>>> print(open('query_36.cif').read())   # mmCIF, C-alpha atoms
data_model
loop_
_atom_site.label_atom_id
_atom_site.label_comp_id
_atom_site.auth_asym_id
_atom_site.auth_seq_id
_atom_site.Cartn_x
_atom_site.Cartn_y
_atom_site.Cartn_z
CA MET H 1 99.45 90.20 14.35
CA PRO H 2 100.90 93.70 14.87
CA ILE H 3 102.08 94.75 18.31
CA ASP H 4 99.74 97.25 19.92
CA TYR H 5 101.86 99.86 21.65
CA HIS H 6 98.85 102.01 22.59
CA SER H 7 96.43 99.68 24.32
CA PRO H 8 97.03 100.27 28.02
CA ARG H 9 93.94 99.35 29.96
CA VAL H 10 94.63 99.98 33.63
CA ALA H 11 92.54 100.77 36.66
CA TRP H 12 93.20 103.98 38.55
CA SER H 13 94.32 105.65 35.31
CA GLY H 14 92.24 108.72 36.16
CA LEU H 15 95.14 109.93 38.31
CA GLY H 16 97.07 110.69 35.13
CA HIS H 17 94.33 113.11 34.11
CA ARG H 18 93.85 114.63 37.58
CA ILE H 19 97.30 115.93 38.36
CA PRO H 20 96.27 118.09 41.37
CA LEU H 21 94.76 115.01 43.04
CA ALA H 22 97.77 112.85 42.24
CA ALA H 23 100.14 115.57 43.46
CA ALA H 24 98.16 115.95 46.69
CA LEU H 25 98.27 112.19 47.34
CA ILE H 26 102.00 112.01 46.66
CA ALA H 27 102.74 115.09 48.78
CA THR H 28 100.67 113.72 51.66
CA ALA H 29 102.46 110.36 51.50
CA LEU H 30 105.86 112.09 51.41
CA ALA H 31 104.95 114.22 54.41
CA LEU H 32 103.73 111.21 56.40
CA PHE H 33 106.81 109.21 55.50
CA GLY H 34 109.09 112.11 56.43
CA LEU H 35 107.37 112.57 59.79
CA LEU H 36 107.41 108.86 60.52
CA THR H 37 111.09 108.58 59.60
CA TRP H 38 111.92 111.54 61.84
CA VAL H 39 110.18 109.80 64.75
CA VAL H 40 111.93 106.50 63.99
CA VAL H 41 115.39 108.06 63.78
CA GLY H 42 114.84 109.43 67.27
CA ASN H 43 113.70 105.99 68.52
CA MET H 44 115.84 103.46 66.67
CA ASP H 45 115.19 100.76 69.29
CA GLY H 46 111.43 101.17 69.00
CA THR H 47 108.98 103.94 69.82
CA PRO H 48 106.70 103.45 72.84
CA TRP H 49 103.93 102.60 70.37
CA ASP H 50 106.20 100.04 68.65
CA VAL H 51 106.90 98.34 71.95
CA ARG H 52 103.25 98.27 73.00
CA VAL H 53 102.07 96.81 69.70
CA LEU H 54 104.81 94.17 69.63
CA ASP H 55 104.12 93.20 73.25
CA TRP H 56 100.41 92.88 72.46
CA MET H 57 101.15 90.67 69.46
CA ILE H 58 103.47 88.43 71.48
CA ALA H 59 100.88 88.10 74.24
CA HIS H 60 98.27 86.94 71.72
CA ARG H 61 100.36 84.38 69.84
CA SER H 62 98.76 80.98 69.45
CA GLU H 63 98.24 78.14 67.03
CA PRO H 64 97.00 77.97 64.32
CA LEU H 65 97.48 81.77 64.12
CA THR H 66 101.28 81.46 64.08
CA THR H 67 101.16 79.00 61.19
CA VAL H 68 98.81 81.29 59.27
CA ALA H 69 101.14 84.25 59.90
CA ARG H 70 104.10 82.26 58.57
CA VAL H 71 102.19 81.35 55.40
CA ILE H 72 101.04 84.93 54.83
CA THR H 73 104.52 86.33 55.37
CA ASP H 74 105.95 83.84 52.86
CA LEU H 75 103.30 84.79 50.30
CA GLY H 76 104.25 88.45 50.74
CA GLY H 77 107.99 87.85 50.50
CA THR H 78 110.49 88.74 47.80
CA VAL H 79 110.34 85.36 46.04
CA ALA H 80 106.53 85.26 45.86
CA MET H 81 106.24 88.90 44.75
CA THR H 82 108.94 88.39 42.10
CA ILE H 83 107.09 85.38 40.73
CA LEU H 84 103.77 87.26 40.72
CA ALA H 85 105.26 90.23 38.87
CA LEU H 86 107.16 88.03 36.40
CA VAL H 87 104.13 85.87 35.57
CA THR H 88 102.00 88.98 35.06
CA VAL H 89 104.61 90.59 32.80
CA ILE H 90 104.94 87.41 30.72
CA TRP H 91 101.15 87.13 30.41
CA LEU H 92 100.88 90.76 29.28
CA LEU H 93 103.71 90.32 26.78
CA ALA H 94 101.98 87.23 25.40
CA ARG H 95 98.94 89.43 24.84
CA ARG H 96 101.22 92.00 23.16
CA ASP H 97 100.37 94.62 25.76
CA LEU H 98 103.88 96.04 26.08
CA PRO H 99 103.03 99.33 27.84
CA VAL H 100 101.23 97.67 30.75
CA ALA H 101 103.88 94.95 30.96
CA ALA H 102 106.45 97.73 31.31
CA LEU H 103 104.34 99.40 34.03
CA VAL H 104 104.22 96.19 36.08
CA GLY H 105 107.92 95.49 35.57
CA VAL H 106 109.16 98.99 36.37
CA THR H 107 106.90 99.37 39.40
CA SER H 108 108.01 96.02 40.81
CA LEU H 109 111.71 96.66 40.24
CA GLY H 110 111.40 100.17 41.64
CA ALA H 111 109.79 98.83 44.81
CA GLY H 112 112.76 96.54 45.35
CA ALA H 113 115.20 99.39 44.80
CA LEU H 114 113.34 101.61 47.29
CA VAL H 115 113.45 98.91 49.97
CA TRP H 116 117.18 98.38 49.44
CA GLY H 117 118.01 102.08 49.46
CA ILE H 118 115.87 103.27 52.37
CA LYS H 119 116.95 100.39 54.61
CA ARG H 120 120.58 101.38 54.18
CA ILE H 121 119.96 105.09 54.67
CA VAL H 122 117.97 104.70 57.89
CA ASP H 123 119.99 101.69 59.16
CA ARG H 124 117.50 100.55 61.78
CA HIS H 125 117.84 97.12 63.35
CA ARG H 126 115.00 94.71 63.94
CA PRO H 127 113.26 94.00 67.24
CA PRO H 128 115.15 91.88 69.82
CA MET H 129 116.05 88.33 68.80
CA ASP H 130 114.00 86.76 71.58
CA SER H 131 110.80 88.23 70.09
CA ARG H 132 111.31 86.72 66.63
CA LEU H 133 109.64 83.57 65.33
CA VAL H 134 111.44 83.60 61.97
CA THR H 135 115.01 84.37 60.98
CA GLU H 136 115.71 87.70 59.28
CA LEU H 137 119.18 89.15 58.77
CA SER H 138 118.48 92.37 56.87
CA LEU H 139 117.75 95.84 58.25
CA SER H 140 114.30 96.74 59.54
CA TYR H 141 113.03 100.09 58.18
CA PRO H 142 110.91 100.02 56.10
CA SER H 143 109.31 96.60 55.99
CA GLY H 144 110.17 95.18 52.57
CA HIS H 145 107.27 92.74 52.75
CA SER H 146 104.81 95.59 53.37
CA LEU H 147 106.24 97.89 50.70
CA GLY H 148 106.66 95.14 48.14
CA SER H 149 103.22 93.60 48.59
CA ALA H 150 101.52 97.01 48.46
CA ALA H 151 103.33 98.01 45.26
CA VAL H 152 103.42 94.67 43.43
CA VAL H 153 99.96 93.37 44.32
CA GLY H 154 98.65 96.89 43.70
CA VAL H 155 100.14 97.24 40.22
CA VAL H 156 99.11 93.71 39.25
CA ALA H 157 95.53 94.48 40.29
CA ILE H 158 95.66 97.77 38.39
CA ALA H 159 96.82 95.88 35.30
CA LEU H 160 94.41 92.96 35.51
CA VAL H 161 91.15 94.29 36.98
CA PRO H 162 90.02 96.02 33.74
CA ARG H 163 90.46 92.68 31.94
CA LEU H 164 88.16 90.79 34.32
CA ARG H 165 84.68 90.48 32.86
CA ARG H 166 82.59 89.50 35.87
CA VAL H 167 81.81 92.22 38.38
CA TRP H 168 82.16 89.93 41.40
CA VAL H 169 85.57 88.76 40.21
CA ARG H 170 86.70 92.38 39.84
CA ARG H 171 85.46 93.23 43.32
CA THR H 172 87.17 90.16 44.78
CA ALA H 173 90.46 91.09 43.09
CA ILE H 174 90.23 94.65 44.43
CA GLY H 175 89.46 93.34 47.90
CA VAL H 176 92.46 91.01 47.83
CA ALA H 177 94.71 93.84 46.60
CA VAL H 178 93.65 95.93 49.61
CA VAL H 179 93.52 93.28 52.33
CA PHE H 180 96.57 91.22 51.39
CA PRO H 181 99.26 93.89 52.02
CA ILE H 182 97.57 94.72 55.33
CA THR H 183 97.72 91.11 56.51
CA VAL H 184 101.30 90.76 55.28
CA GLY H 185 102.40 93.79 57.28
CA LEU H 186 100.62 92.66 60.42
CA SER H 187 102.15 89.19 60.08
CA ARG H 188 105.62 90.76 60.19
CA VAL H 189 104.88 92.40 63.54
CA TYR H 190 103.22 89.23 64.86
CA LEU H 191 106.30 87.20 63.96
CA GLY H 192 108.48 89.73 65.78
CA VAL H 193 110.69 90.74 62.85
CA HIS H 194 109.40 94.30 62.43
CA TRP H 195 108.19 97.21 64.49
CA ILE H 196 104.78 98.58 63.51
CA THR H 197 106.47 101.80 62.33
CA ASP H 198 108.49 99.72 59.84
CA VAL H 199 105.25 98.33 58.48
CA LEU H 200 103.53 101.72 58.29
CA ALA H 201 106.52 103.11 56.38
CA GLY H 202 106.37 100.19 53.98
CA TRP H 203 102.69 100.74 53.25
CA ILE H 204 103.15 104.49 52.79
CA VAL H 205 106.13 104.22 50.44
CA GLY H 206 104.55 101.34 48.52
CA LEU H 207 101.38 103.33 47.85
CA LEU H 208 103.38 106.47 47.10
CA TRP H 209 105.46 104.65 44.50
CA LEU H 210 102.38 102.96 43.04
CA THR H 211 100.59 106.31 42.71
CA LEU H 212 103.61 107.94 41.10
CA SER H 213 104.10 105.03 38.68
CA VAL H 214 100.50 104.95 37.50
CA THR H 215 100.32 108.73 37.19
CA LEU H 216 103.49 108.97 35.10
CA PHE H 217 102.44 105.98 33.01
CA THR H 218 99.07 107.43 32.08
CA ARG H 219 100.58 110.87 31.39
CA LEU H 220 103.25 109.41 29.12
CA HIS H 221 100.68 107.29 27.32
CA ALA H 222 98.41 110.28 26.84
CA ARG H 223 101.28 112.20 25.25
CA GLY H 224 102.13 109.27 23.01
CA THR H 225 98.61 108.85 21.72
CA THR H 226 98.16 112.56 20.98
CA ARG H 227 101.30 112.88 18.87
CA PRO H 228 100.62 113.24 15.13
#
>>> encode(input="query_36.cif", output="structure tokens")
Amino acid sequence: MPIDYHSPRVAWSGLGHRIPLAAALIATALALFGLLTWVVVGNMDGTPWDVRVLDWMIAHRSEPLTTVARVITDLGGTVAMTILALVTVIWLLARRDLPVAALVGVTSLGAGALVWGIKRIVDRHRPPMDSRLVTELSLSYPSGHSLGSAAVVGVVAIALVPRLRRVWVRRTAIGVAVVFPITVGLSRVYLGVHWITDVLAGWIVGLLWLTLSVTLFTRLHARGTTRP
């Protein structure tokens, strides 16, 4: 069976054909991230909003909510997201869908690189040790769980949703792709290992990177298919 290099079926591919919209989304995300980072750099030990949100979370800790938060945070972690991306890439390769497999792989790897790089540039430490329910040794800004889950779960949904036949299954997958990164980010604040501004930055950069990846992917594919 020949390999089909030109069979990318992805959701959200309209961005590649609506460059002004894609550019506006990316520019807005960059502006929000820049503003948020500027605020964070001036409040490395937590903005007043950070402190209020964390205090509220701590005041409302209880069981079984803490156990649920631990499970959610593990599901949104590096290991789980790596496994999800790897399984999806292998499945797509088995179906000889190399372009979409590359999209999932590059987007996932890029998300990891962004987390590593931005953390070291900003160099923000996590909330105080006495507020934490889990052990974390890395830097705080942005939240890697929030960025990674937004980008990886997002690109996996974009790759798989068009291949789901039942409407209710598609809607469920889209709902999970939206709700899951939100719950992951909130779990990080609840567990006391991130400020809410870390989480917001993770969501913004994750969606920015996802938008850029899908836009470039669909543009490059469009060029490839129109070549004589």
>>> resolve_selection(input="query_36.cif", expression="the PyMOL selection byres ((chain H and resi 25-41) around 12)", output="PyMOL selection string")
chain H and resi 15+18-24+42-50+118-119+121-125+140-142+195-215
>>> residues_near_point(input="query_36.cif", point="(102.8, 83.6, 53.4)", cutoff="12 Å", atoms="all atoms listed in the file", output="number ranges by chain")
H: 66-81, 145, 149, 180-181, 183-188, 191
>>> axis_aligned_box(input="query_36.cif", around="segment 210-222 of chain H", padding_each_side="4 Å", output="lines of an AutoDock Vina configuration file")
center_x = 101.3
center_y = 106.9
center_z = 34.9
size_x = 13.7
size_y = 15.9
size_z = 24.2
>>> residues_near_point(input="query_36.cif", point="(100.8, 95.3, 39.2)", cutoff="9 Å", atoms="all atoms listed in the file", output="PDB file with C-alpha atoms, keeping the file's coordinate frame")
ATOM      1  CA  LEU H  84     103.770  87.260  40.720  1.00  0.00           C
ATOM      2  CA  ALA H  85     105.260  90.230  38.870  1.00  0.00           C
ATOM      3  CA  THR H  88     102.000  88.980  35.060  1.00  0.00           C
ATOM      4  CA  VAL H  89     104.610  90.590  32.800  1.00  0.00           C
ATOM      5  CA  VAL H 100     101.230  97.670  30.750  1.00  0.00           C
ATOM      6  CA  ALA H 101     103.880  94.950  30.960  1.00  0.00           C
ATOM      7  CA  LEU H 103     104.340  99.400  34.030  1.00  0.00           C
ATOM      8  CA  VAL H 104     104.220  96.190  36.080  1.00  0.00           C
ATOM      9  CA  GLY H 105     107.920  95.490  35.570  1.00  0.00           C
ATOM     10  CA  THR H 107     106.900  99.370  39.400  1.00  0.00           C
ATOM     11  CA  SER H 108     108.010  96.020  40.810  1.00  0.00           C
ATOM     12  CA  ALA H 151     103.330  98.010  45.260  1.00  0.00           C
ATOM     13  CA  VAL H 152     103.420  94.670  43.430  1.00  0.00           C
ATOM     14  CA  VAL H 153      99.960  93.370  44.320  1.00  0.00           C
ATOM     15  CA  GLY H 154      98.650  96.890  43.700  1.00  0.00           C
ATOM     16  CA  VAL H 155     100.140  97.240  40.220  1.00  0.00           C
ATOM     17  CA  VAL H 156      99.110  93.710  39.250  1.00  0.00           C
ATOM     18  CA  ALA H 157      95.530  94.480  40.290  1.00  0.00           C
ATOM     19  CA  ILE H 158      95.660  97.770  38.390  1.00  0.00           C
ATOM     20  CA  ALA H 159      96.820  95.880  35.300  1.00  0.00           C
ATOM     21  CA  LEU H 160      94.410  92.960  35.510  1.00  0.00           C
ATOM     22  CA  LEU H 210     102.380 102.960  43.040  1.00  0.00           C
TER      23      LEU H 210
END
>>> atom_distance(input="query_36.cif", atom1="atom CA of His17 of chain H", atom2="atom CA of Ala102 of chain H")
19.8 Å
>>> closest_residue(input="query_36.cif", among="H:Leu147, H:Leu92, H:Leu133, H:Val53", to="Val115 of chain H", atoms="all atoms listed in the file")
H:Leu147
>>> atom_distance(input="query_36.cif", atom1="atom CA of Arg120 of chain H", atom2="atom CA of Leu139 of chain H")
7.4 Å
>>> closest_residue(input="query_36.cif", among="H:Ser138, H:Leu109, H:Val193, H:Asp97", to="Val10 of chain H", atoms="only C-alpha atoms")
H:Asp97
>>> atom_distance(input="query_36.cif", atom1="atom CA of Ala111 of chain H", atom2="atom CA of Ala150 of chain H")
9.2 Å
